[in-house]
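A.B. asks: This is the content of structure-v1.cif (mmCIF, C-alpha atoms):
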data_upload
#
loop_
_atom_site.label_atom_id
_atom_site.label_comp_id
_atom_site.auth_asym_id
_atom_site.auth_seq_id
_atom_site.Cartn_x
_atom_site.Cartn_y
_atom_site.Cartn_z
CA ALA A 1 169.00 130.85 73.62
CA ALA A 2 166.51 132.99 71.74
CA ARG A 3 163.03 133.15 73.16
CA PRO A 4 160.65 134.82 70.72
CA ASP A 5 157.76 136.89 72.01
CA ILE A 6 155.34 135.53 69.39
CA LEU A 7 155.09 132.12 67.73
CA VAL A 8 152.95 131.58 64.63
CA LEU A 9 152.53 127.97 63.54
CA GLN A 10 150.81 126.78 60.40
CA GLU A 11 149.67 123.25 59.61
CA LEU A 12 149.64 122.63 63.35
CA ASP A 13 148.07 119.35 64.32
CA ARG A 14 147.21 118.63 67.98
CA TYR A 15 146.68 122.24 69.02
CA ARG A 16 145.41 121.42 72.50
CA GLU A 17 148.48 119.33 73.36
CA LEU A 18 150.91 121.98 72.13
CA ALA A 19 149.02 124.75 73.93
CA GLU A 20 149.33 122.83 77.21
CA SER A 21 153.06 122.23 76.67
CA LEU A 22 153.83 125.82 75.69
CA ALA A 23 151.89 127.11 78.70
CA GLU A 24 154.48 125.38 80.88
CA VAL A 25 157.17 127.66 79.41
CA GLY A 26 155.14 130.87 79.50
CA TYR A 27 153.30 131.00 76.16
CA VAL A 28 149.53 131.34 75.81
CA SER A 29 147.14 131.24 72.91
CA THR A 30 143.93 132.31 74.59
CA LEU A 31 142.00 135.32 75.68
CA SER A 32 141.33 135.67 79.41
CA SER A 33 137.67 134.95 78.61
CA ALA A 34 138.43 131.71 76.71
CA VAL A 35 136.19 128.70 77.16
CA GLU A 36 137.31 125.08 76.95
CA TYR A 37 138.85 124.30 73.56
CA LEU A 38 136.72 122.04 71.38
CA PRO A 39 137.57 120.97 67.84
CA ALA A 40 135.38 122.60 65.17
CA HIS A 41 134.13 119.28 63.77
CA LEU A 42 132.26 118.59 67.00
CA ALA A 43 129.89 121.44 66.10
CA GLY A 44 129.60 120.49 62.41
CA HIS A 45 130.95 123.83 61.22
CA SER A 46 131.29 124.49 57.51
CA THR A 47 132.98 127.08 55.31
CA THR A 48 131.28 126.27 52.01
CA ASP A 49 130.01 129.81 51.46
CA ASN A 50 130.47 133.30 52.92
CA GLN A 51 127.62 132.90 55.40
CA THR A 52 128.85 129.61 56.89
CA ALA A 53 132.46 130.85 56.86
CA THR A 54 131.43 134.00 58.76
CA ARG A 55 129.54 131.91 61.36
CA PHE A 56 132.50 129.56 61.70
CA CYS A 57 134.97 132.41 62.30
CA ALA A 58 132.63 134.10 64.79
CA ALA A 59 132.26 130.85 66.74
CA ARG A 60 136.03 130.33 66.83
CA GLU A 61 136.61 133.95 67.93
CA ALA A 62 134.03 133.57 70.71
CA MET A 63 135.80 130.44 71.95
CA GLY A 64 138.83 132.63 72.67
CA HIS A 65 141.62 130.40 71.31
CA ALA A 66 144.01 131.81 68.71
CA PHE A 67 143.73 128.72 66.55
CA LEU A 68 141.90 128.53 63.24
CA PRO A 69 141.53 124.96 62.01
CA GLN A 70 141.39 124.05 58.35
CA LEU A 71 138.13 122.14 58.12
CA GLY A 72 138.49 118.84 56.32
CA SER A 73 142.27 118.77 56.71
CA MET A 74 144.38 115.90 55.48
CA ALA A 75 145.81 115.63 59.01
CA MET A 76 142.42 114.63 60.41
CA GLN A 77 141.73 112.31 57.48
CA LEU A 78 145.02 110.47 58.02
CA SER A 79 144.45 110.30 61.77
CA LEU A 80 141.04 108.71 61.29
CA LYS A 81 142.45 106.15 58.87
CA GLN A 82 145.41 105.33 61.15
CA ARG A 83 143.06 104.80 64.08
CA GLY A 84 140.87 102.51 61.95
CA LEU A 85 137.88 104.85 62.30
CA ALA A 86 137.20 105.94 58.70
CA ASN A 87 135.28 102.83 57.61
CA LYS A 88 133.54 102.61 60.97
CA ILE A 89 132.31 106.21 60.60
CA LEU A 90 130.90 105.30 57.18
CA ALA A 91 129.08 102.28 58.63
CA VAL A 92 127.62 104.28 61.53
CA ALA A 93 126.61 107.10 59.17
CA GLU A 94 124.79 104.62 56.95
CA GLU A 95 122.95 103.16 59.96
CA ARG A 96 121.90 106.66 61.03
CA GLY A 97 120.84 107.87 57.59
CA VAL A 98 123.54 110.51 57.17
CA LEU A 99 125.85 108.67 54.77
CA GLY A 100 125.33 111.38 52.13
CA PHE A 101 127.03 113.90 54.44
CA VAL A 102 130.19 111.85 54.97
CA VAL A 103 130.91 109.84 51.82
CA ASP A 104 133.03 110.96 48.87
CA GLY A 105 132.51 110.15 45.18
CA SER A 106 134.45 106.88 45.42
CA GLY A 107 132.58 105.57 48.46
CA GLY A 108 135.27 106.50 51.01
CA LEU A 109 135.14 108.93 53.88
CA SER A 110 135.11 112.48 52.52
CA ARG A 111 137.86 114.80 53.74
CA ARG A 112 135.11 117.27 54.64
CA TRP A 113 132.95 114.58 56.23
CA SER A 114 132.09 116.59 59.34
CA CYS A 115 131.47 119.92 57.56
CA GLY A 116 127.83 120.81 57.90
CA LEU A 117 127.04 117.51 59.62
CA PRO A 118 123.82 118.04 61.60
CA GLY A 119 124.64 117.91 65.30
CA GLY A 120 128.38 117.70 64.63
CA SER A 121 130.66 114.69 64.68
CA ARG A 122 130.73 113.67 68.35
CA GLU A 123 128.03 110.97 68.14
CA LEU A 124 129.39 109.41 64.94
CA LEU A 125 132.94 109.32 66.31
CA ALA A 126 131.83 107.82 69.61
CA ALA A 127 129.68 105.19 67.88
CA ALA A 128 132.61 104.38 65.58
CA GLY A 129 134.78 103.69 68.62
CA ALA A 130 136.70 106.91 69.21
CA GLU A 131 137.47 106.93 72.94
CA ASP A 132 137.56 110.73 73.06
CA PRO A 133 136.02 112.47 70.03
CA SER A 134 137.56 115.78 71.13
CA ALA A 135 141.05 114.26 70.75
CA VAL A 136 140.54 114.19 66.96
CA ASP A 137 141.23 117.57 65.36
CA ASP A 138 141.99 119.35 62.12
CA MET A 139 145.32 121.01 61.53
CA GLY A 140 145.36 124.78 61.37
CA VAL A 141 147.11 128.05 62.17
CA ALA A 142 147.88 129.04 65.76
CA VAL A 143 149.38 132.10 67.40
CA PHE A 144 151.10 131.90 70.78
CA TRP A 145 152.59 134.80 72.74
CA ARG A 146 154.61 135.18 75.90
CA SER A 147 152.14 135.84 78.67
CA SER A 148 154.70 137.98 80.49
CA ARG A 149 154.87 140.39 77.53
CA PHE A 150 151.39 140.51 75.97
CA LEU A 151 147.73 140.34 76.86
CA ALA A 152 145.39 139.73 73.95
CA GLU A 153 142.15 141.71 74.10
CA GLY A 154 140.36 140.12 71.15
CA LEU A 155 140.59 137.85 68.13
CA LYS A 156 139.60 138.36 64.52
CA MET A 157 139.65 135.37 62.19
CA GLN A 158 139.21 135.04 58.45
CA VAL A 159 139.18 131.98 56.21
CA TYR A 160 140.50 132.18 52.67
#
What does the file become when written as structure tokens?
C.D. replies:
Amino acid sequence: AARPDILVLQELDRYRELAESLAEVGYVSTLSSAVEYLPAHLAGHSTTDNQTATRFCAAREAMGHAFLPQLGSMAMQLSLKQRGLANKILAVAEERGVLGFVVDGSGGLSRRWSCGLPGGSRELLAAAGAEDPSAVDDMGVAVFWRSSRFLAEGLKMQVY
């Protein structure tokens, strides 16, 4: 059976779970200096302009994981709806005075609800009933490589 040296996955949902599974068969997606993986929405990252996009990419590079999430992805939106959290997030946001950050033009939860959210999304998700706010994530692009063949020395990310 073929065993590629490098795997590149786009529209990957559940990065952390796949990274753990692929590690069992010899693939990694992290620098040796990587810190614990945390979804970008927990920090309230945004990519609405060049400055915020540059900060977002720098923060992801510093984390040391070769995964670049698409902020405001449909995957996260669908996950929140399936878990029954979307309307609860809206209610909590209204109580806390941040509804304008999370609502869309039709009164629903915006796809980019966590982008630029002061303090990030952790408190809203927890108050809305998410057992583990870090288990909710955007889809994105990930690169994995065989640890026996390569050692990554750095990451450079760019949003388009």
A.B. asks: Quick check, in Å to one decimal: how far apart do atom CA of A:Ser46 and atom CA of A:Ser110 lie?
C.D. replies: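 Interatomic distance here is 13.6 Å.
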A.B. asks: Distance table requested - stretch 73-95 of chain A against stretch 120-143 of chain A, cut-off 7 Å, only C-alpha atoms: one row per qualifying residue with the closest atom pair and its distance in Å to one decimal, ordered by chain and rising residue number, as a Markdown table.
C.D. replies:
| residue | atom | partner | partner_atom | distance |
| --- | --- | --- | --- | --- |
| A:Ser73 | CA | A:Asp138 | CA | 5.4 |
| A:Ala75 | CA | A:Met139 | CA | 6.0 |
| A:Met76 | CA | A:Asp138 | CA | 5.0 |
| A:Leu85 | CA | A:Ala128 | CA | 6.2 |
| A:Lys88 | CA | A:Ala128 | CA | 5.0 |
| A:Ile89 | CA | A:Ala128 | CA | 5.3 |
| A:Val92 | CA | A:Leu124 | CA | 6.4 |
| A:Ala93 | CA | A:Leu124 | CA | 6.8 |
A.B. asks: Output the residue selection produced by the PyMOL selection byres ((chain A and resi 154) around 8) on the file above, formatted as a PyMOL selection string.
C.D. replies: chain A and resi 31+61+64+152-153+155-156
A.B. asks: Specify as a list in words each residue included when the PyMOL selection byres ((chain A and resi 69) around 10) is applied to this file.
C.D. replies: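 This file gives the following for the PyMOL selection byres ((chain A and resi 69) around 10): Gln10, Glu11, Leu12, Asp13, Tyr15, Pro39, Ala40, His41, Cys57, Arg60, Ala66, Phe67, Leu68, Gln70, Leu71, Gly72, Ser73, Asp137, Asp138, Met139, Gly140, Val141, Ala142 and Val159 of chain A.
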A.B. asks: Which one of A:Ala91, A:Ala53, A:Leu151, A:Ala43 sits closest to A:Gly119 if you count only C-alpha atoms?
C.D. replies: A:Ala43
A.B. asks: Using all atoms listed in the file, determine which residues lie at most 8 Å from A:Tyr37, disregarding the query and same-chain residues fewer than 5 positions distant; provide the list as a ChimeraX atom specification.
C.D. replies: /A:16,63,65
A.B. asks: Can you work out which one of A:Ala58, A:Trp145, A:Glu95, A:Gly108 has the shortest atom-to-atom distance to A:Leu7, counting only C-alpha atoms?
C.D. replies: A:Trp145
A.B. asks: If I take atom CA of A:Leu38 and atom CA of A:Phe56, how far is one from the other in Å, to one decimal?
C.D. replies: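 Spanning atom CA of A:Leu38 to atom CA of A:Phe56 is a straight-line distance of 13.0 Å.
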A.B. asks: Could you tell me which of A:Gln158, A:Leu117, A:Met74, A:Arg146 comes closest to A:Ala19 if we count all atoms listed in the file?
C.D. replies: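 Between A:Gln158, A:Leu117, A:Met74, A:Arg146, the residue approaching A:Ala19 most closely is A:Arg146.
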A.B. asks: Hey, can you check how far atom CA of A:Arg83 sits from atom CA of A:Leu99?
C.D. replies: 19.9 Å
A.B. asks: Here is a test: counting only C-alpha atoms, which residue of A:Ala62, A:Arg14, A:Thr54, A:Pro118 is nearest to A:Ser33?
C.D. replies: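 Counting only C-alpha atoms, the residue closest to A:Ser33 is A:Ala62.
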A.B. asks: Considering all atoms listed in the file, can you say which of A:Val103, A:Leu18, A:Ala34, A:Val98 comes closest to A:Ala86?
C.D. replies: A:Val103
A.B. asks: So, counting all atoms listed in the file, which residue among A:Tyr160, A:Leu42, A:Ala2, A:Gly26 is closest to A:Phe144?
C.D. replies: A:Gly26
